[in-house]
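*Asks:* Just one file: model.cif, with mmCIF, C-alpha atoms.
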```cif
data_run
#
loop_
_atom_site.label_atom_id
_atom_site.label_comp_id
_atom_site.auth_asym_id
_atom_site.auth_seq_id
_atom_site.Cartn_x
_atom_site.Cartn_y
_atom_site.Cartn_z
CA MET A 1499 -142.13 4.95 -55.90
CA ASP A 1500 -138.93 5.23 -57.93
CA ARG A 1501 -137.07 8.22 -59.29
CA LYS A 1502 -136.50 7.70 -63.01
CA TYR A 1503 -135.89 9.78 -66.09
CA CYS A 1504 -139.16 10.54 -67.80
CA PRO A 1505 -138.96 9.96 -71.58
CA SER A 1506 -141.28 12.89 -72.19
CA CYS A 1507 -140.00 15.73 -70.00
CA GLY A 1508 -136.51 14.26 -69.49
CA GLN A 1509 -136.57 15.16 -65.81
CA GLU A 1510 -135.58 12.83 -63.04
CA VAL A 1511 -138.95 12.54 -61.35
CA PRO A 1512 -140.88 10.17 -59.13
CA LEU A 1513 -142.51 7.51 -61.31
CA GLU A 1514 -145.50 5.70 -59.90
CA ARG A 1515 -145.89 2.05 -60.91
CA THR A 1516 -149.10 0.03 -60.89
CA LEU A 1517 -149.94 -3.33 -62.46
CA GLN A 1518 -152.94 -3.42 -64.83
CA GLY A 1519 -153.43 -6.84 -66.38
CA ASN A 1520 -150.52 -7.52 -68.70
CA TYR A 1521 -149.17 -3.99 -68.37
CA LEU A 1522 -147.01 -2.26 -65.82
CA MET A 1523 -148.31 1.31 -65.81
CA ILE A 1524 -145.78 4.02 -65.02
CA ALA A 1525 -146.88 7.62 -64.52
CA CYS A 1526 -144.67 10.70 -64.46
CA LYS A 1527 -145.58 13.06 -61.64
CA ASN A 1528 -143.97 15.99 -63.43
CA CYS A 1529 -145.61 16.09 -66.85
CA GLY A 1530 -148.42 13.55 -66.50
CA LEU A 1531 -147.00 11.18 -69.11
CA GLY A 1532 -148.36 7.65 -68.93
CA LEU A 1533 -146.25 4.63 -69.88
CA GLY A 1534 -147.73 1.19 -70.45
CA VAL A 1535 -145.04 -1.48 -70.34
CA LYS A 1536 -146.26 -4.80 -71.72
CA LEU A 1537 -145.00 -7.70 -69.68
CA ALA A 1538 -143.79 -10.54 -71.83
CA SER A 1539 -143.26 -13.16 -69.17
CA ALA A 1540 -143.20 -13.88 -65.48
CA ASP A 1541 -139.45 -13.26 -65.55
CA GLU A 1542 -140.04 -9.89 -67.09
CA LEU A 1543 -142.62 -9.11 -64.42
CA ARG A 1544 -140.17 -10.01 -61.68
CA ARG A 1545 -137.46 -7.87 -63.25
CA LEU A 1546 -139.71 -4.87 -63.83
CA SER A 1547 -141.23 -5.10 -60.38
CA ALA A 1548 -137.79 -5.15 -58.80
CA PRO A 1549 -136.62 -1.87 -57.30
CA GLU A 1550 -133.76 -1.62 -59.81
CA GLN A 1551 -134.14 0.07 -63.20
CA PRO A 1552 -135.98 -2.29 -65.56
CA SER A 1553 -133.89 -3.84 -68.27
CA LEU A 1554 -134.42 -2.11 -71.57
CA ALA A 1555 -133.46 -5.11 -73.63
CA ARG A 1556 -135.82 -4.21 -76.40
CA VAL A 1557 -138.27 -1.35 -76.37
CA GLU A 1558 -140.87 -0.49 -78.96
CA VAL A 1559 -142.41 2.92 -78.64
CA VAL A 1560 -145.72 4.07 -80.08
CA LYS A 1561 -146.58 7.72 -79.50
CA ARG A 1562 -150.23 8.60 -78.99
CA SER A 1563 -150.53 12.30 -78.24
CA ARG A 1564 -149.07 12.57 -74.73
CA THR A 1565 -149.13 8.85 -74.08
CA ILE A 1566 -146.33 6.49 -74.90
CA ALA A 1567 -146.93 2.75 -74.87
CA ALA A 1568 -143.71 0.84 -74.51
CA ALA A 1569 -143.72 -2.91 -75.08
CA VAL A 1570 -140.83 -4.66 -73.42
CA GLU A 1571 -140.21 -7.98 -75.08
CA LYS A 1572 -138.15 -10.94 -74.17
CA PRO A 1573 -134.47 -10.52 -75.02
CA ALA A 1574 -133.49 -12.24 -78.26
CA PRO A 1575 -132.17 -15.80 -77.82
CA PRO A 1576 -128.39 -16.04 -77.59
CA ASP A 1577 -126.50 -16.05 -80.88
CA PRO A 1578 -125.53 -19.67 -81.66
CA ARG A 1579 -122.16 -18.42 -82.97
CA SER A 1580 -121.24 -17.39 -79.46
CA ALA A 1581 -121.37 -20.75 -77.75
CA ALA A 1582 -119.01 -19.78 -74.97
CA PRO A 1583 -120.44 -17.64 -72.19
CA ARG A 1584 -119.58 -13.98 -72.59
CA GLN A 1585 -117.92 -13.83 -69.22
CA ALA A 1586 -115.47 -16.48 -70.38
CA THR A 1587 -114.29 -14.37 -73.32
CA PRO A 1588 -110.77 -13.11 -72.64
CA PRO A 1589 -110.47 -9.36 -72.19
CA PRO A 1590 -110.24 -7.74 -75.62
CA ALA A 1591 -107.23 -5.81 -76.79
CA PRO A 1592 -107.90 -2.12 -77.50
CA ALA A 1593 -109.49 -1.81 -80.93
CA ALA A 1594 -107.19 -0.29 -83.52
CA ASP A 1595 -110.10 1.07 -85.54
CA LEU A 1596 -113.74 0.48 -86.37
CA GLU A 1597 -113.00 -1.69 -89.40
CA ALA A 1598 -110.52 -3.80 -87.50
CA MET A 1599 -113.03 -4.14 -84.70
CA LYS A 1600 -115.59 -5.42 -87.19
CA ARG A 1601 -113.14 -7.74 -89.00
CA GLU A 1602 -111.81 -9.35 -85.88
CA THR A 1603 -115.27 -10.30 -84.67
CA GLU A 1604 -116.98 -11.36 -87.89
CA GLY A 1605 -118.19 -14.91 -87.48
CA GLY A 1606 -116.53 -15.10 -84.10
CA PRO A 1607 -117.66 -14.65 -80.54
CA VAL A 1608 -119.26 -11.44 -79.35
CA ARG A 1609 -116.69 -8.85 -78.51
CA GLN A 1610 -117.58 -6.82 -75.47
CA MET A 1611 -115.97 -3.40 -75.21
CA SER A 1612 -114.41 -2.51 -71.91
CA GLN A 1613 -115.52 1.09 -71.95
CA VAL A 1614 -117.64 3.33 -74.15
CA MET A 1615 -117.62 7.09 -73.63
CA LEU A 1616 -120.83 8.84 -74.59
CA ALA A 1617 -121.48 12.59 -74.99
CA GLU A 1618 -125.12 13.57 -75.39
CA ASP A 1619 -126.97 16.57 -73.98
CA SER A 1620 -130.33 14.80 -73.69
CA GLN A 1621 -130.47 13.21 -70.28
CA PHE A 1622 -133.03 10.64 -71.36
CA LEU A 1623 -131.07 9.59 -74.44
CA ARG A 1624 -127.90 9.23 -72.36
CA GLN A 1625 -129.76 7.05 -69.91
CA ILE A 1626 -131.41 4.80 -72.48
CA THR A 1627 -128.25 4.39 -74.58
CA ARG A 1628 -126.28 3.56 -71.48
CA ASP A 1629 -128.89 1.01 -70.37
CA LEU A 1630 -129.02 -0.59 -73.81
CA LEU A 1631 -125.23 -0.83 -74.15
CA LEU A 1632 -124.97 -2.49 -70.78
CA SER A 1633 -128.03 -4.75 -71.09
CA GLN A 1634 -126.88 -5.94 -74.55
CA GLN A 1635 -123.45 -6.58 -73.03
CA LEU A 1636 -121.80 -4.47 -75.72
CA ALA A 1637 -119.87 -2.56 -73.09
CA LYS A 1638 -118.76 -3.37 -69.59
CA GLU A 1639 -118.73 0.29 -68.64
CA VAL A 1640 -120.33 3.40 -70.10
CA VAL A 1641 -119.01 6.83 -69.15
CA ASP A 1642 -121.59 9.44 -70.09
CA CYS A 1643 -121.03 13.17 -70.40
CA GLU A 1644 -123.68 15.88 -70.64
CA ASP A 1645 -121.83 18.12 -73.11
CA GLY A 1646 -118.71 18.52 -75.21
CA GLU A 1647 -116.66 20.15 -72.48
CA ALA A 1648 -117.42 17.43 -69.95
CA PHE A 1649 -116.48 14.91 -72.62
CA VAL A 1650 -113.12 16.54 -73.44
CA GLU A 1651 -112.33 16.66 -69.73
CA ALA A 1652 -113.30 13.02 -69.15
CA TYR A 1653 -111.48 11.83 -72.27
CA THR A 1654 -108.29 13.74 -71.44
CA ARG A 1655 -108.36 12.37 -67.91
CA ALA A 1656 -108.90 8.85 -69.25
CA LEU A 1657 -105.85 9.15 -71.54
CA VAL A 1658 -103.70 10.61 -68.77
CA ASP A 1659 -104.76 7.73 -66.49
CA GLY A 1660 -104.03 5.15 -69.22
CA ASN A 1661 -107.72 4.20 -69.38
CA ARG A 1662 -108.52 4.87 -73.04
CA PRO A 1663 -112.11 3.97 -73.99
CA ASP A 1664 -112.72 1.48 -76.82
CA LEU A 1665 -115.23 3.75 -78.50
CA VAL A 1666 -116.53 7.31 -78.28
CA VAL A 1667 -120.16 8.11 -79.18
CA LEU A 1668 -120.77 11.81 -79.87
CA ASP A 1669 -123.92 13.79 -80.52
CA VAL A 1670 -123.16 16.38 -83.21
CA ARG A 1671 -125.37 19.13 -81.83
CA MET A 1672 -124.59 20.01 -78.25
CA PRO A 1673 -124.58 23.39 -76.53
CA GLY A 1674 -121.17 24.99 -75.96
CA LEU A 1675 -118.59 22.73 -77.51
CA ASP A 1676 -120.45 20.77 -80.21
CA GLY A 1677 -119.69 17.19 -81.24
CA GLN A 1678 -117.55 18.14 -84.21
CA GLN A 1679 -115.35 20.52 -82.22
CA ALA A 1680 -115.19 18.05 -79.34
CA ALA A 1681 -113.95 15.41 -81.79
CA PHE A 1682 -111.23 17.70 -83.14
CA ALA A 1683 -110.24 18.56 -79.56
CA MET A 1684 -110.16 14.86 -78.74
CA ARG A 1685 -107.88 14.14 -81.70
CA ALA A 1686 -105.67 17.07 -80.68
CA VAL A 1687 -105.33 15.69 -77.15
CA GLU A 1688 -104.47 12.25 -78.58
CA THR A 1689 -101.76 13.83 -80.74
CA ALA A 1690 -100.36 15.83 -77.83
CA LEU A 1691 -100.24 12.76 -75.59
CA GLY A 1692 -98.91 10.45 -78.32
CA GLN A 1693 -101.96 8.18 -78.19
CA LYS A 1694 -103.78 6.16 -80.84
CA ARG A 1695 -107.03 7.40 -82.36
CA THR A 1696 -110.08 6.08 -80.56
CA PRO A 1697 -112.96 5.20 -82.93
CA ILE A 1698 -115.73 7.82 -82.99
CA LEU A 1699 -119.40 7.21 -83.72
CA PHE A 1700 -121.35 10.42 -84.40
CA PHE A 1701 -125.10 10.64 -84.27
CA SER A 1702 -127.16 13.54 -85.47
CA ALA A 1703 -130.56 14.55 -86.79
CA VAL A 1704 -128.90 16.28 -89.75
CA LEU A 1705 -127.90 14.51 -92.94
CA CYS A 1706 -124.31 13.44 -93.38
CA ASP A 1707 -123.56 15.87 -96.23
CA GLU A 1708 -120.32 16.23 -98.18
CA PRO A 1709 -118.71 18.74 -95.77
CA PHE A 1710 -119.42 16.41 -92.86
CA LYS A 1711 -118.07 13.44 -94.82
CA ALA A 1712 -114.88 15.44 -95.31
CA ILE A 1713 -114.74 16.06 -91.56
CA LEU A 1714 -115.17 12.33 -90.86
CA LYS A 1715 -112.31 11.62 -93.25
CA GLU A 1716 -110.08 14.23 -91.66
CA LEU A 1717 -110.83 12.98 -88.14
CA GLY A 1718 -110.09 9.42 -89.22
CA ASN A 1719 -111.64 6.31 -87.69
CA ALA A 1720 -115.03 8.00 -87.45
CA ARG A 1721 -118.53 6.90 -88.47
CA TYR A 1722 -121.96 8.49 -88.50
CA ILE A 1723 -125.52 7.42 -87.65
CA ARG A 1724 -128.53 9.55 -88.41
CA LYS A 1725 -131.10 10.11 -85.71
CA SER A 1726 -134.64 9.07 -86.60
CA GLU A 1727 -136.64 11.79 -88.32
CA ASP A 1728 -139.22 12.09 -85.56
CA GLY A 1729 -136.46 12.51 -82.97
CA ASP A 1730 -137.62 9.46 -81.02
CA ALA A 1731 -135.00 8.99 -78.33
CA GLN A 1732 -135.69 5.33 -77.70
CA GLN A 1733 -135.54 4.52 -81.40
CA LEU A 1734 -132.20 6.29 -81.67
CA GLY A 1735 -130.88 4.46 -78.63
CA GLU A 1736 -131.83 1.21 -80.34
CA ARG A 1737 -130.21 2.27 -83.61
CA ILE A 1738 -126.96 3.15 -81.85
CA VAL A 1739 -126.91 -0.22 -80.14
CA SER A 1740 -127.83 -1.95 -83.38
CA VAL A 1741 -124.93 -0.30 -85.24
CA LEU A 1742 -122.55 -1.01 -82.39
CA GLY A 1743 -123.81 -4.55 -82.29
CA ARG A 1744 -123.03 -5.02 -85.97
CA LEU A 1745 -119.63 -3.38 -85.56
CA VAL A 1746 -118.63 -5.67 -82.76
CA GLY A 1747 -120.38 -8.75 -84.14
CA ALA A 1748 -123.16 -8.92 -81.58
CA ARG A 1749 -126.07 -9.03 -84.01
CA MET B 329 -83.03 30.36 -69.26
CA ALA B 330 -86.12 28.94 -70.94
CA LYS B 331 -88.50 31.51 -72.30
CA GLU B 332 -92.06 31.77 -71.10
CA ARG B 333 -94.69 31.45 -73.79
CA ILE B 334 -97.76 33.21 -75.08
CA LEU B 335 -99.76 30.85 -77.26
CA VAL B 336 -101.44 32.66 -80.15
CA GLY B 337 -104.21 30.95 -82.05
CA GLN B 338 -103.73 33.00 -85.19
CA ASP B 339 -100.90 32.68 -87.66
CA ASP B 340 -100.76 35.64 -89.98
CA ALA B 341 -98.84 38.80 -90.80
CA ILE B 342 -100.13 40.55 -87.67
CA VAL B 343 -98.65 37.92 -85.36
CA GLU B 344 -95.40 37.92 -87.36
CA ALA B 345 -95.22 41.69 -86.90
CA ALA B 346 -96.02 41.32 -83.20
CA LYS B 347 -93.16 38.88 -82.53
CA PRO B 348 -90.26 41.40 -82.69
CA LEU B 349 -92.33 43.96 -80.81
CA MET B 350 -92.94 41.47 -78.02
CA ALA B 351 -89.27 40.49 -77.97
CA LYS B 352 -88.37 44.16 -77.59
CA LEU B 353 -90.85 44.58 -74.75
CA ASP B 354 -89.87 41.41 -72.89
CA ALA B 355 -87.01 39.26 -74.17
CA GLY B 356 -88.05 36.45 -71.83
CA ILE B 357 -91.30 35.83 -73.68
CA GLU B 358 -91.81 33.91 -76.90
CA LEU B 359 -94.92 34.16 -79.06
CA VAL B 360 -95.91 30.69 -80.29
CA ALA B 361 -98.31 31.05 -83.23
CA VAL B 362 -100.52 28.22 -84.47
CA GLY B 363 -102.81 28.45 -87.47
CA ASP B 364 -105.89 26.53 -86.39
CA GLY B 365 -107.87 25.53 -83.35
CA ALA B 366 -106.85 21.88 -83.33
CA ARG B 367 -103.13 22.77 -83.44
CA CYS B 368 -103.74 25.25 -80.68
CA ILE B 369 -105.17 22.47 -78.49
CA VAL B 370 -102.21 20.20 -79.34
CA ALA B 371 -99.71 22.91 -78.34
CA PHE B 372 -101.65 23.81 -75.21
CA THR B 373 -101.95 20.19 -74.05
CA LYS B 374 -98.24 19.56 -74.65
CA LEU B 375 -97.32 22.60 -72.58
CA LEU B 376 -99.67 21.59 -69.76
CA ARG B 377 -98.31 18.06 -69.78
CA ALA B 378 -94.77 19.39 -69.58
CA GLY B 379 -95.81 21.45 -66.56
CA LYS B 380 -95.07 24.66 -68.44
CA PRO B 381 -98.47 26.21 -69.22
CA PRO B 382 -98.42 29.34 -71.37
CA LEU B 383 -98.66 32.68 -69.60
CA LEU B 384 -101.70 33.46 -71.68
CA VAL B 385 -103.53 32.29 -74.77
CA ALA B 386 -104.72 34.69 -77.47
CA LEU B 387 -107.43 33.34 -79.76
CA ASP B 388 -108.82 34.58 -83.03
CA ASP B 389 -112.55 33.93 -83.31
CA ASP B 390 -112.37 32.46 -86.80
CA LEU B 391 -109.95 29.59 -86.38
CA ALA B 392 -110.34 26.53 -88.59
CA ARG B 393 -111.55 23.18 -87.15
CA ILE B 394 -112.19 24.55 -83.66
CA ASP B 395 -113.12 28.22 -83.42
CA GLY B 396 -111.85 30.58 -80.73
CA GLU B 397 -114.76 29.94 -78.39
CA GLY B 398 -114.52 26.18 -78.85
CA CYS B 399 -110.77 26.30 -78.22
CA ALA B 400 -111.24 28.22 -74.99
CA ARG B 401 -113.92 25.80 -73.79
CA ALA B 402 -111.77 22.78 -74.67
CA MET B 403 -108.76 24.34 -72.93
CA ARG B 404 -110.73 24.85 -69.72
CA ALA B 405 -111.81 21.19 -69.90
CA ILE B 406 -108.20 20.05 -70.42
CA GLU B 407 -107.01 22.23 -67.54
CA ARG B 408 -109.56 20.56 -65.27
CA ALA B 409 -108.41 17.12 -66.44
CA PHE B 410 -104.81 17.98 -65.57
CA GLY B 411 -105.83 19.71 -62.34
CA ALA B 412 -104.10 22.85 -63.63
CA ASP B 413 -104.94 26.49 -62.93
CA SER B 414 -106.86 28.47 -65.55
CA VAL B 415 -104.65 30.22 -68.07
CA ALA B 416 -105.69 33.76 -69.03
CA VAL B 417 -107.44 33.93 -72.41
CA LEU B 418 -107.64 36.90 -74.75
CA PHE B 419 -110.14 36.81 -77.61
CA TYR B 420 -109.09 38.86 -80.60
CA ALA B 421 -112.18 39.46 -82.69
CA ALA B 422 -114.06 41.93 -84.84
CA GLY B 423 -116.42 44.22 -82.95
CA ALA B 424 -117.12 44.79 -79.30
CA ALA B 425 -118.12 41.98 -76.97
CA ASP B 426 -121.84 41.28 -77.40
CA PRO B 427 -123.96 39.84 -74.54
CA SER B 428 -123.23 36.24 -75.55
CA ARG B 429 -119.48 36.97 -75.58
CA SER B 430 -119.77 38.68 -72.19
CA ALA B 431 -121.55 35.60 -70.84
CA LEU B 432 -118.83 33.37 -72.28
CA LEU B 433 -116.07 35.47 -70.68
CA LYS B 434 -117.84 35.11 -67.34
CA THR B 435 -118.26 31.36 -67.78
CA LEU B 436 -114.64 30.84 -68.76
CA GLY B 437 -113.17 33.13 -66.12
CA ARG B 438 -109.82 34.88 -66.62
CA ALA B 439 -110.84 35.85 -70.15
CA VAL B 440 -110.97 39.22 -71.93
CA HIS B 441 -112.11 40.44 -75.33
CA LEU B 442 -109.99 42.69 -77.54
CA PRO B 443 -111.93 44.22 -80.44
CA ARG B 444 -110.13 44.08 -83.75
CA ARG B 445 -110.04 47.39 -85.62
CA GLU B 446 -109.78 48.10 -89.30
CA GLU B 447 -106.20 49.34 -89.38
CA GLY B 448 -102.84 48.40 -90.85
CA THR B 449 -100.88 45.29 -89.90
CA ASP B 450 -98.29 47.16 -87.85
CA ALA B 451 -100.92 49.12 -85.94
CA GLN B 452 -102.84 45.90 -85.19
CA ALA B 453 -99.63 44.18 -84.09
CA LEU B 454 -98.85 47.06 -81.75
CA ARG B 455 -102.35 46.96 -80.25
CA MET B 456 -102.01 43.23 -79.77
CA VAL B 457 -98.68 43.52 -77.97
CA LYS B 458 -100.02 46.33 -75.76
CA ALA B 459 -102.96 44.11 -74.82
CA PHE B 460 -100.56 41.24 -74.05
CA ALA B 461 -98.43 43.53 -71.86
CA LYS B 462 -101.49 44.73 -69.94
CA LEU B 463 -102.75 41.21 -69.39
CA LEU B 464 -99.30 39.91 -68.43
CA LYS B 465 -99.07 42.61 -65.79
CA GLN B 466 -102.32 41.34 -64.30
CA VAL B 467 -101.26 37.69 -64.59
CA ARG B 468 -97.90 38.28 -62.94
CA GLY B 469 -99.42 40.52 -60.32
CA GLN B 470 -101.61 37.70 -59.04
#
```
Show me, as structure tokens, the structure contained in the file I just sent.

*Replies:*
Amino acid sequence: MDRKYCPSCGQEVPLERTLQGNYLMIACKNCGLGLGVKLASADELRRLSAPEQPSLARVEVVKRSRTIAAAVEKPAPPDPRSAAPRQATPPPAPAADLEAMKRETEGGPVRQMSQVMLAEDSQFLRQITRDLLLSQQLAKEVVDCEDGEAFVEAYTRALVDGNRPDLVVLDVRMPGLDGQQAAFAMRAVETALGQKRTPILFFSAVLCDEPFKAILKELGNARYIRKSEDGDAQQLGERIVSVLGRLVGAR
Amino acid sequence: MAKERILVGQDDAIVEAAKPLMAKLDAGIELVAVGDGARCIVAFTKLLRAGKPPLLVALDDDLARIDGEGCARAMRAIERAFGADSVAVLFYAAGAADPSRSALLKTLGRAVHLPRREEGTDAQALRMVKAFAKLLKQVRGQ
């Protein structure tokens, strides 16, 4: 029995796994949620049956009252544009901005970011975004923070240590220091320490209205993704990775 | 001799009136006023990096970009990143501290709330300087 984050209650709980035909059934002991993970291949079965966290290469979620059926499919075949193995790609220079990051990778090999810093108060969303970023090889390392204060602390420490992340992903609504204030604090710390502006990707359930567009402009080097309307965490995790993938030329 | 600093997240006529009063009270202290929350964080981080943290930080609740509460939370995070001690914080805001403010003061530690009163600029400046003097006494006494 493993301890995993339940996508329903968000708690780290013991998850019981049993095989039923083509499905790996996972049950949460805390809230009673049942997960049916469709096994696409023998390889997938081996991976999912391994004690490590299953790869979340691609997850499709269908909600049925309190039951979620998740179909894990085979990862997409490698992009023919990226003939060279990813490990052979030389370490990337720090991205100057989101546009430059996109330009420099268009039509070229996949650019893997060294580090992404993520601030999100939902434990499950942090976990799934982290897993997706790593499994899609968009980032070598993901530093995740549970709120705006933890993020400002981690980001300041990273700058002081000369370990600036390539990208920051911020939830807009967080308790305490929200994403917008955390972003302004982050820019203030950059100014104080004479550092470049790290690209910011916001995600939120609220529409990107004119006032928020003005904030993005003022922050500079910042983009926005809207969370799905039904608040589906896995769908959002996929959207974030999809946008990042396009930005860095992975999709 | 370099002056010690009080960082004030509020840049208005009250702070301007408080500057000469503070200088009269203690010539070794300089009031550094900044007009918004982001500038306050810039100034605070620069001082911490230089190893010269302010003696205390006074914050208006209604600062632009990052409000007083957000500033205080960000400052505590930056202090932790630098491994620095907590700087005393004084919130200068309308009304008495409500339960959520009291909880915030407890969370932040070394933080007090000074209610703003409807009175003239000079009277408000005097109240501000008196509050600074009281807090400085506590800070220096530790």

*Asks:* Report as a PyMOL selection string the set of chain B residues whose atoms approach chain A to within 9 Å, with distances computed over all atoms listed in the file.

*Replies:* chain B and resi 365-374+377+393-395+397-399+401-410

*Asks:* Of the candidates B:Val360, B:Ala439, B:Ala421, B:Ala431, which shows the shortest atom-to-atom distance to Leu375 (chain B), using all atoms listed in the file?

*Replies:* B:Val360

*Asks:* Report the distance between CA of Gly337 (chain B) and CA of Asp1659 (chain A) in Å, rounded to one decimal place.

*Replies:* 28.0 Å

*Asks:* Closest to Ala351 (chain B) among B:Val467, B:Phe419, B:Ala461, B:Val385, using only C-alpha atoms?

*Replies:* B:Ala461

*Asks:* So the first atom is CA of Ala345 (chain B) and the second is CA of Gly379 (chain B); what is the distance between them in Å, to one decimal place?

*Replies:*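 These two atoms are separated by 28.7 Å.
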
*Asks:* Taking the point (-102.8, 25.2, -68.9) as given in the file, collect each protein or nucleic acid residue that comes within 6 Å of it, counting only C-alpha atoms, and present the set as a PyMOL selection string.

*Replies:* chain B and resi 376+381+407+412+415

*Asks:* Given only C-alpha atoms as the basis, pick out the residue of B:Gly363, B:Gly356, B:Gly469, B:Pro427 nearest to Ala392 (chain B).

*Replies:*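 Of all the options, B:Gly363 lies closest to Ala392 (chain B).
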
*Asks:* Excluding Ile1698 (chain A) and its own-chain neighbours fewer than 5 positions away, which residues fall within 10 Å of it when counting all atoms listed in the file? Please give them as number ranges by chain.

*Replies:* A: 1595-1596, 1615-1616, 1664-1668, 1681, 1684, 1714, 1717-1722

*Asks:* Expressed in Å to a single decimal, how great is the separation between CA of Lys331 (chain B) and CA of Leu418 (chain B)?

*Replies:*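 Separating CA of Lys331 (chain B) from CA of Leu418 (chain B) is a distance of 20.0 Å.
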
*Asks:* Since I can't run it myself right now, could you work out what the PyMOL selection byres ((chain B and resi 349) around 12) selects here and report it as an MDAnalysis selection string?

*Replies:* chainID B and resid 342:348 350:355 357:359 450:458 460:461

*Asks:* Keeping C-alpha atoms, export the residues of the selection given above as a short mmCIF file (atom, residue, chain, number, x, y, z; two decimals), keeping the file's coordinate frame.

*Replies:*
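As written to disk, out.cif reads:
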```cif
data_model
loop_
_atom_site.label_atom_id
_atom_site.label_comp_id
_atom_site.auth_asym_id
_atom_site.auth_seq_id
_atom_site.Cartn_x
_atom_site.Cartn_y
_atom_site.Cartn_z
CA ILE B 342 -100.13 40.55 -87.67
CA VAL B 343 -98.65 37.92 -85.36
CA GLU B 344 -95.40 37.92 -87.36
CA ALA B 345 -95.22 41.69 -86.90
CA ALA B 346 -96.02 41.32 -83.20
CA LYS B 347 -93.16 38.88 -82.53
CA PRO B 348 -90.26 41.40 -82.69
CA MET B 350 -92.94 41.47 -78.02
CA ALA B 351 -89.27 40.49 -77.97
CA LYS B 352 -88.37 44.16 -77.59
CA LEU B 353 -90.85 44.58 -74.75
CA ASP B 354 -89.87 41.41 -72.89
CA ALA B 355 -87.01 39.26 -74.17
CA ILE B 357 -91.30 35.83 -73.68
CA GLU B 358 -91.81 33.91 -76.90
CA LEU B 359 -94.92 34.16 -79.06
CA ASP B 450 -98.29 47.16 -87.85
CA ALA B 451 -100.92 49.12 -85.94
CA GLN B 452 -102.84 45.90 -85.19
CA ALA B 453 -99.63 44.18 -84.09
CA LEU B 454 -98.85 47.06 -81.75
CA ARG B 455 -102.35 46.96 -80.25
CA MET B 456 -102.01 43.23 -79.77
CA VAL B 457 -98.68 43.52 -77.97
CA LYS B 458 -100.02 46.33 -75.76
CA PHE B 460 -100.56 41.24 -74.05
CA ALA B 461 -98.43 43.53 -71.86
#
```

*Asks:* Using all atoms listed in the file, which of the listed residues (B:Arg468, B:Arg438, B:Lys462, B:Arg444) sits closest to Asp388 (chain B)?

*Replies:*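 Checking each of B:Arg468, B:Arg438, B:Lys462, B:Arg444 against Asp388 (chain B), counting all atoms listed in the file, the winner is B:Arg444.
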